[in-house]
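Reading through the structure tokens given below for one structure.
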2 protein chains.
Amino acid sequence: VLFLQMGWGDLGAFGEPSKETPNLDQMAAEGMLFLDFYTANPLCSPSRAALLTGRLPIRNGFYTTNAHARNAYTPQNIVGGIPDSEVLLPELLKKAGYTNKIVGKWHLGHRPQFHPLKHGFDEWFGSPNCHFGPYDNKEVPNIPVYRDWEMVGRYYEDFNINRKTGEANLTQIYLQEALDFISRQQASQQPFFLYWAIDATHAPVYASKHFLGTSQRGLYGDAVREIDDSIGKILKHLQKLGISENTFVFFTSDNGAALISAPRQGGSNGRFLCGKQTTFEGGMREPAIAWWPGHIPAGKVSHQLGNVMDLFTTSLSLAGLQPPSDRQIDGIDLLPALLQGQLIDRPIFYYRGNEMMAVRVGLYKAHYWTWSNSWEEYSKGIDFCPGQNVSGVTTHTKEEHTTLPLLFHLGRDPGEKYPISFASTEYQGVMERISNVVQQHQVTMVPGEPQLNVCDKAVMNWSPPGCEKLGKCLKPPESEPTKCIWPH
Amino acid sequence: VLFLQMGWGDLGAFGEPSKETPNLDQMAAEGMLFLDFYTANPLCSPSRAALLTGRLPIRNGFYTTNAHARNAYTPQNIVGGIPDSEVLLPELLKKAGYTNKIVGKWHLGHRPQFHPLKHGFDEWFGSPNCHFGPYDNKEVPNIPVYRDWEMVGRYYEDFNINRKTGEANLTQIYLQEALDFISRQQASQQPFFLYWAIDATHAPVYASKHFLGTSQRGLYGDAVREIDDSIGKILKHLQKLGISENTFVFFTSDNGAALISAPRQGGSNGRFLCGKQTTFEGGMREPAIAWWPGHIPAGKVSHQLGNVMDLFTTSLSLAGLQPPSDRQIDGIDLLPALLQGQLIDRPIFYYRGNEMMAVRVGLYKAHYWTWSNSWEEYSKGIDFCPGQNVSGVTTHTKEEHTTLPLLFHLGRDPGEKYPISFASTEYQGVMERISNVVQQHQVTMVPGEPQLNVCDKAVMNWSPPGCEKLGKCLKPPESEPTKCIWPH
């Protein structure tokens, strides 16, 4: 699974006008392009938790109840993380003999009990949080980079990103980690699960020297080119080792492009409305490509409504395993869509924190709540919909539409610009169908214990395991747990 | 040349999310996709005049001086049309033995002296104006359909469009006209020029029964599917006749999608700003595909800045002819780009009526004037940028920036959302280069006599040639020439 922050519109195959992703476009030409694929949340941590548990963040605990409908994630001062009660994909795959590696950003909690090797992974090379910084190590430490159980350095110190030029060789390191792991598994004839969760397209965006200045799109495009190149190398490596027909590869993203960072540090959601942090299409519809030569027919396009949570269930199915039966799993098995071109009827739910904001059924999407962000935030220049303004839709007051949802037809109107008239027969007929789906979803919903409520500066990455050997331990401040503030 | 009203974002190959254009996508896979191709004007008539003359509308007369920077075209009451002094592509091709046919909308004037067969075409099947209507034949007659010199019926009467269902078999008729012409030319071994200028995606949008209801995108999408299917049939016909390697085929559009008619009657410009009638990218950047098996390498992408006027010069080049040397020609010969993948440096000018609104040089675009439409029009609900609002850019007052143009980098920012800071060194350096280009353009500009200034109800299609035989002559009102009113 290749998982990173890119927008629907960042790939040539999805209409990016500079068309600089030849390897991903080739992957699509050899595999299946999903045009209606979603993430489980418009933000990184919750969607990653959803990918690995097959469950909506409101079930697996990756949300907050500190305020209504707020986006929350796992910054350094978060106290929570992935609960032990959750069963992760690598834990299950292990039972079928798989070796599991995560390369890149974990993001499911950085405190010891949340370590990926405690949750099914056998190997890890990467960081626990976003690579913001550089920090001064007084107020906030720089993010560590782990190899397996211990840190091997920190971003900006041992793994530098030149903040002026954007130069960093991290994607090359992450690529090498992937290739080496694949080679070792092939040599030992072991089945494997590789979760390649790199972060070059997440602000602060970076690229290695060879790629700097090569894109029409500036630094962000340079990062995309390097990732595209790396994915080409991973696929070619599988082919060279003769295991491409035994390896299912899926490329997608954890959230829509961060338009607030665009154009220099953020990507594009094409024609879709708004971006990361919102439950409009730009926030949650993702580029997605499945590749499995000899099994998935080449050059096909699927309109199956898909979700990152499906990768949990589909991967289990590929390994001959069943998903846990003691809990609600939201992901479905996509194999019938992948192998036989079937279309499985299922809804897509758009959550923001503890609130179901919208639902998609077929080509229709109903918004039960609309909110981009508050006027207060917006007036500070924080804009999740730059250049876009759909009256009554991209609202800066949180607006409830639960009795009369705003309805869009995403075929005619993928940009969510033309709400369907409440008085139309189309509205009446469709909403009856959607209401049933939503009611069934809501009456059976049992939210998990929220993990993203409490923050504490003392839990930051001051002294990760292994820091002593490197002389990189920092002294944490006094513990002072507080309610985290989630402004949007 | 295949020429019609579709937006950049209407094709699967350009990221349309329902991906319903398999034939055009296949045409791109077998040919060359132009990602930076433009029309000469954000409106139908002027861009068609530019295509056939290789000259900007301000030179060939397809503009108005009734007011500053106004869009004008050839409705039924227009007095003007293509001047005899202009030399059209078919006139020149005739000298090299070509037989020329136009199928569909002419739009260069409907009065006798402007008839396409008086300007180089040998055959015509189609209409002289847009197929608005149905009219009552009292205030306004229905548009005639001509075969060659004479009318054979009228839209809504003899060539019906069901205004309720959108059903019409016109695209099928136009397809048959194209196929028959090609067959005849192949049989007689004559070189030919076919200008297939159909109108199904122009409001009122229509599709034939077989295609109605087949698209995710509603009636507009049905029309696109039928056109896509027709283009597939034309290309296959060329292959079947064994002349595909001798036939250069180019697909593009006369203006950006008419967002004012979207989503049911208008297409999509993808991520580009605004649509038809504007000089933002959405108004003038067009989908474009060149196809010539055995000559143009398959599956290539070109970033050559292209323009519909280039089809004039390129077609002449293919026929071994020179463009006229007694006048300024704006189109360039694209063969080096098509055959050798060269990139020719040239600017793109964005005109609205008599004003140069913007210019593109390399990846930079400078707006010298900004205007979407007036507050007065906008307050009536006429919106050329629905759901889009870029502060200081999509202005409803006409704003002059000639001393300090608004500058955008279309690689980083194809949506024209982030003007480059006036104070930056990037701005200074780029504007110096652009200013030189603009100065050179403007000092040598000699505008032609404007053709779109005078309107008169008496000149409408009351009694086209051939109406007597059909009993379809209508009595024109008294002649009362007035200045045409062009509101935007």
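By convention here, the chains of the structure tokens are called A, B, ... in the order presented, each chain's residues are numbered starting at 1, and ligands are numbered starting at 1 in the order presented.
Near chain B, the residues of chain A that fall inside 7 Å (using only C-alpha atoms) are Ala13, Phe14, Gly15, Pro17, Ser18, Leu35, Gln216, Arg217, Gly218, Pro263, Arg264, Gly270, Arg271, Gly387, Gln388, Asn389, Val390, Gly411, Arg412, Asp413 and Lys417 of chain A.
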How would the residues just picked look written out with N, CA and C atoms as a short mmCIF file (atom, residue, chain, number, x, y, z; two decimals), in the first residue's frame?
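Result saved to selection19.cif:
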data_model
loop_
_atom_site.label_atom_id
_atom_site.label_comp_id
_atom_site.auth_asym_id
_atom_site.auth_seq_id
_atom_site.Cartn_x
_atom_site.Cartn_y
_atom_site.Cartn_z
N ALA A 13 -3.01 11.20 -14.99
CA ALA A 13 -4.17 10.38 -15.32
C ALA A 13 -5.47 10.99 -14.81
N PHE A 14 -5.37 11.89 -13.86
CA PHE A 14 -6.56 12.55 -13.33
C PHE A 14 -6.65 14.01 -13.82
N GLY A 15 -5.91 14.34 -14.89
CA GLY A 15 -6.09 15.65 -15.51
C GLY A 15 -5.18 16.75 -15.02
N PRO A 17 -2.65 19.39 -15.38
CA PRO A 17 -2.29 19.91 -16.70
C PRO A 17 -0.81 19.86 -17.06
N SER A 18 0.10 19.62 -16.12
CA SER A 18 1.49 19.50 -16.54
C SER A 18 1.84 18.03 -16.83
N LEU A 35 -12.07 5.99 -9.79
CA LEU A 35 -12.42 7.41 -9.91
C LEU A 35 -13.30 7.88 -8.77
N GLN A 216 7.08 21.73 -13.70
CA GLN A 216 6.38 22.98 -14.03
C GLN A 216 5.68 23.54 -12.82
N ARG A 217 5.47 22.69 -11.81
CA ARG A 217 4.60 23.04 -10.69
C ARG A 217 5.36 23.55 -9.47
N GLY A 218 6.66 23.79 -9.61
CA GLY A 218 7.42 24.27 -8.47
C GLY A 218 7.79 23.13 -7.54
N PRO A 263 -0.05 27.36 -3.63
CA PRO A 263 0.39 26.37 -4.60
C PRO A 263 1.81 25.84 -4.35
N ARG A 264 2.57 26.45 -3.45
CA ARG A 264 3.96 26.03 -3.35
C ARG A 264 4.16 24.80 -2.48
N GLY A 270 -8.14 19.04 -8.33
CA GLY A 270 -8.81 19.14 -9.63
C GLY A 270 -10.04 20.00 -9.53
N ARG A 271 -11.15 19.49 -10.04
CA ARG A 271 -12.38 20.29 -10.08
C ARG A 271 -13.18 20.19 -8.80
N GLY A 387 -10.32 30.66 -3.45
CA GLY A 387 -10.85 30.96 -4.78
C GLY A 387 -12.21 30.34 -5.05
N GLN A 388 -12.70 29.55 -4.09
CA GLN A 388 -13.99 28.90 -4.29
C GLN A 388 -14.99 29.44 -3.26
N ASN A 389 -16.20 29.61 -3.68
CA ASN A 389 -17.21 30.13 -2.77
C ASN A 389 -18.56 29.76 -3.35
N VAL A 390 -19.15 28.72 -2.79
CA VAL A 390 -20.47 28.32 -3.24
C VAL A 390 -21.47 28.74 -2.18
N GLY A 411 -22.44 13.22 -10.54
CA GLY A 411 -22.16 12.98 -11.97
C GLY A 411 -22.27 14.27 -12.75
N ARG A 412 -23.41 14.92 -12.64
CA ARG A 412 -23.61 16.20 -13.35
C ARG A 412 -22.79 17.31 -12.74
N ASP A 413 -22.53 17.20 -11.44
CA ASP A 413 -22.02 18.33 -10.68
C ASP A 413 -20.96 17.87 -9.67
N LYS A 417 -21.62 22.44 -6.77
CA LYS A 417 -21.94 23.86 -6.95
C LYS A 417 -23.43 24.12 -7.10
#
Exercise for the section: Considering only C-alpha atoms, return as a PyMOL selection string whatever protein or nucleic-acid residues lie within 12 Å of region 158-161 of chain A, sequence-local ones (same chain, fewer than 2 positions apart) excluded. Expected result: chain A and resi 126-127+131-134+142-146+151-156+163-174+200+203-209+470+472
Could you take the residues named above and write them with C-alpha atoms, as a compact mmCIF listing (two decimals), in the first residue's frame?
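So the final result, stored in result26.txt, reads:
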# COMPACT_ATOMS: atom_id res chain seq x y z
CA GLY A 126 10.26 6.50 9.62
CA SER A 127 8.73 9.03 11.92
CA HIS A 131 7.75 16.51 10.05
CA PHE A 132 6.96 20.08 10.99
CA GLY A 133 9.89 22.11 12.17
CA PRO A 134 12.68 22.80 12.55
CA ASN A 142 12.35 17.87 16.31
CA ILE A 143 10.54 14.72 15.19
CA PRO A 144 12.57 11.52 15.59
CA VAL A 145 13.21 9.00 12.83
CA TYR A 146 12.97 5.40 14.05
CA MET A 151 15.29 6.35 17.08
CA VAL A 152 18.25 6.82 14.72
CA GLY A 153 18.10 10.60 14.47
CA ARG A 154 15.82 13.55 14.08
CA TYR A 155 14.43 15.51 11.17
CA TYR A 156 16.43 18.71 10.44
CA ARG A 163 13.98 25.00 4.42
CA LYS A 164 15.22 27.50 1.89
CA THR A 165 15.64 25.23 -1.14
CA GLY A 166 13.38 22.35 -0.05
CA GLU A 167 16.22 19.91 -0.66
CA ALA A 168 16.15 16.61 1.28
CA ASN A 169 17.08 13.07 0.29
CA LEU A 170 14.47 11.43 2.51
CA THR A 171 12.33 10.03 -0.29
CA GLN A 172 15.42 8.30 -1.65
CA ILE A 173 16.08 6.78 1.78
CA TYR A 174 12.44 5.67 2.05
CA ALA A 200 7.47 14.51 0.85
CA ALA A 203 4.28 20.63 4.12
CA PRO A 204 7.15 21.33 4.52
CA VAL A 205 7.45 19.81 1.05
CA TYR A 206 10.83 18.47 -0.07
CA ALA A 207 12.63 16.77 -2.95
CA SER A 208 16.13 15.50 -3.51
CA LYS A 209 18.66 17.42 -5.57
CA LEU A 470 22.88 9.22 20.18
CA LYS A 472 19.80 13.14 21.69
Practice task
Return the single residue from A:Ser47, A:Gln451, A:Met27, A:Leu92 that is closest to Leu321 (chain A), with distances computed using only C-alpha atoms.
Solution key: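 Closest to Leu321 (chain A) of all the choices is A:Leu92.
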Exercise for the section: Determine, counting only C-alpha atoms, which protein, DNA and RNA residues have an atom within 8 Å of an atom of Arg59 (chain A); residues of the same chain fewer than 2 positions away are not included. Present the result as a list in words. Expected result: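 In the requested form, the answer reads Arg55, Leu56, Pro57, Gly61, Phe62, Val446, Pro447, Gly448 and Glu449 of chain A.
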Exercise for the section: Extract the full set of alpha helix (DSSP H) residues from region 95-296 of chain A according to DSSP on the backbone, and format it as a ChimeraX atom specification. Expected result: /A:95,170-187,218-240,281-284
Export of prior selection with C-alpha atoms as a short mmCIF file (atom, residue, chain, number, x, y, z; two decimals), in the first residue's frame:
data_model
loop_
_atom_site.label_atom_id
_atom_site.label_comp_id
_atom_site.auth_asym_id
_atom_site.auth_seq_id
_atom_site.Cartn_x
_atom_site.Cartn_y
_atom_site.Cartn_z
CA LYS A 95 -1.17 -14.99 11.54
CA LEU A 170 14.47 11.43 2.51
CA THR A 171 12.33 10.03 -0.29
CA GLN A 172 15.42 8.30 -1.65
CA ILE A 173 16.08 6.78 1.78
CA TYR A 174 12.44 5.67 2.05
CA LEU A 175 12.61 4.22 -1.45
CA GLN A 176 15.74 2.25 -0.58
CA GLU A 177 14.05 0.92 2.56
CA ALA A 178 11.15 -0.32 0.44
CA LEU A 179 13.34 -1.94 -2.22
CA ASP A 180 15.57 -3.64 0.36
CA PHE A 181 12.60 -5.01 2.27
CA ILE A 182 11.02 -6.37 -0.92
CA SER A 183 14.33 -7.99 -1.95
CA ARG A 184 14.75 -9.65 1.44
CA GLN A 185 11.20 -10.98 1.44
CA GLN A 186 11.56 -12.31 -2.07
CA ALA A 187 14.86 -13.99 -1.18
CA GLY A 218 7.42 24.27 -8.47
CA LEU A 219 8.68 22.50 -5.35
CA TYR A 220 5.44 20.61 -4.74
CA GLY A 221 5.66 19.25 -8.28
CA ASP A 222 9.31 18.31 -7.74
CA ALA A 223 8.21 16.21 -4.76
CA VAL A 224 5.45 14.60 -6.82
CA ARG A 225 7.95 13.78 -9.59
CA GLU A 226 10.27 12.12 -7.12
CA ILE A 227 7.45 10.07 -5.65
CA ASP A 228 6.24 9.13 -9.11
CA ASP A 229 9.74 8.07 -10.04
CA SER A 230 10.06 6.04 -6.81
CA ILE A 231 6.79 4.23 -7.41
CA GLY A 232 7.96 3.36 -10.89
CA LYS A 233 11.12 1.91 -9.34
CA ILE A 234 9.15 -0.12 -6.79
CA LEU A 235 6.93 -1.63 -9.49
CA LYS A 236 9.90 -2.37 -11.75
CA HIS A 237 11.65 -3.98 -8.78
CA LEU A 238 8.69 -6.32 -8.26
CA GLN A 239 8.78 -7.20 -11.95
CA LYS A 240 12.53 -7.74 -11.95
CA GLU A 281 -15.18 16.16 -2.40
CA GLY A 282 -11.84 17.97 -2.43
CA GLY A 283 -11.23 16.93 1.15
CA MET A 284 -11.96 13.23 0.84
#
Exercise for the section: Compile the contact shell of Ile260 (chain B) as a list in words: residues with an atom at most 7 Å away, counting only C-alpha atoms, same-chain residues fewer than 2 positions apart removed. Expected result: Ala258, Ala262, Ile382, Asp383 and Phe384 of chain B
Practice task
Enumerate, as a ChimeraX atom specification, the complete set of residues in region 221-447 of chain B that a backbone-based DSSP assignment places in strand (DSSP E or B).
Solution key: /B:249-253,285-291,300-302,306-307,348-352,355-361,364-367,369-370,388,399-400,406-409
Got time to write the residues from that selection, C-alpha atoms, as a PDB file, in the first residue's frame?
ATOM      1  CA  VAL B 249      -7.075  14.775 -37.706  1.00  0.00           C
ATOM      2  CA  PHE B 250      -7.305  17.425 -35.021  1.00  0.00           C
ATOM      3  CA  PHE B 251      -9.884  17.647 -32.259  1.00  0.00           C
ATOM      4  CA  THR B 252     -10.442  20.851 -30.301  1.00  0.00           C
ATOM      5  CA  SER B 253     -13.055  23.349 -29.175  1.00  0.00           C
ATOM      6  CA  ARG B 285      -7.806  26.786 -22.812  1.00  0.00           C
ATOM      7  CA  GLU B 286      -9.160  23.893 -24.832  1.00  0.00           C
ATOM      8  CA  PRO B 287      -8.924  20.133 -25.025  1.00  0.00           C
ATOM      9  CA  ALA B 288      -6.822  19.270 -28.070  1.00  0.00           C
ATOM     10  CA  ILE B 289      -5.732  16.020 -29.671  1.00  0.00           C
ATOM     11  CA  ALA B 290      -3.765  15.497 -32.875  1.00  0.00           C
ATOM     12  CA  TRP B 291      -3.966  12.133 -34.623  1.00  0.00           C
ATOM     13  CA  LYS B 300       2.797  11.627 -26.625  1.00  0.00           C
ATOM     14  CA  VAL B 301       1.971  14.736 -24.666  1.00  0.00           C
ATOM     15  CA  SER B 302       2.900  18.205 -25.853  1.00  0.00           C
ATOM     16  CA  GLY B 306      -0.931  26.112 -29.409  1.00  0.00           C
ATOM     17  CA  ASN B 307      -3.861  28.019 -30.797  1.00  0.00           C
ATOM     18  CA  ILE B 348      -0.772  33.486 -26.515  1.00  0.00           C
ATOM     19  CA  PHE B 349      -2.965  36.599 -26.569  1.00  0.00           C
ATOM     20  CA  TYR B 350      -6.315  36.647 -24.811  1.00  0.00           C
ATOM     21  CA  TYR B 351      -8.642  39.150 -26.464  1.00  0.00           C
ATOM     22  CA  ARG B 352     -12.121  40.210 -25.548  1.00  0.00           C
ATOM     23  CA  GLU B 355      -9.047  44.704 -26.020  1.00  0.00           C
ATOM     24  CA  MET B 356      -6.040  42.516 -25.264  1.00  0.00           C
ATOM     25  CA  MET B 357      -7.000  41.358 -21.789  1.00  0.00           C
ATOM     26  CA  ALA B 358      -4.079  39.039 -21.069  1.00  0.00           C
ATOM     27  CA  VAL B 359      -1.011  37.370 -22.513  1.00  0.00           C
ATOM     28  CA  ARG B 360       0.761  34.083 -21.819  1.00  0.00           C
ATOM     29  CA  VAL B 361       4.524  33.792 -22.257  1.00  0.00           C
ATOM     30  CA  TYR B 364       3.441  32.943 -17.030  1.00  0.00           C
ATOM     31  CA  LYS B 365       0.200  34.750 -17.750  1.00  0.00           C
ATOM     32  CA  ALA B 366      -0.234  38.476 -17.235  1.00  0.00           C
ATOM     33  CA  HIS B 367      -3.681  40.061 -17.040  1.00  0.00           C
ATOM     34  CA  TRP B 369      -7.474  43.864 -17.794  1.00  0.00           C
ATOM     35  CA  THR B 370      -9.766  41.769 -15.604  1.00  0.00           C
ATOM     36  CA  GLN B 388     -15.527  30.610  -8.048  1.00  0.00           C
ATOM     37  CA  GLU B 399     -10.279  46.757 -13.950  1.00  0.00           C
ATOM     38  CA  GLU B 400      -7.261  48.070 -15.774  1.00  0.00           C
ATOM     39  CA  LEU B 406      -1.690  40.696 -12.487  1.00  0.00           C
ATOM     40  CA  LEU B 407       0.821  37.895 -12.958  1.00  0.00           C
ATOM     41  CA  PHE B 408       0.218  34.147 -12.519  1.00  0.00           C
ATOM     42  CA  HIS B 409       2.426  31.079 -12.880  1.00  0.00           C
TER      43      HIS B 409
END
Exercise for the section: Pick out the residues sitting within 9 Å of Arg48 (chain A), and hand them over as a PyMOL selection string; count only C-alpha atoms, and ignore anything fewer than 6 positions along from it in its own chain. Expected result: chain A and resi 3+39-41+106-108+254+308
Problem - Neighbour list for Asp326 (chain A) as a ChimeraX atom specification, cut-off 12 Å, only C-alpha atoms, skip fewer than 5 positions in-chain - result: /A:85-87
Fill in the blank from the handout: Correct to one decimal, the distance CA of His441 (chain B)-CA of Leu93 (chain B) is 28.4 Å
Practice task
For CA of Ser374 (chain A) and CA of Tyr73 (chain A), quote the distance in Å rounded to one decimal.
Solution key: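 A separation of 18.6 Å between them.
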Fill in the blank from the handout: The residue from B:Gly256, B:Phe211, B:Glu245, B:Gln190 with the smallest atom-to-atom distance to Asp10 (chain B), counting only C-alpha atoms, is B:Gly256
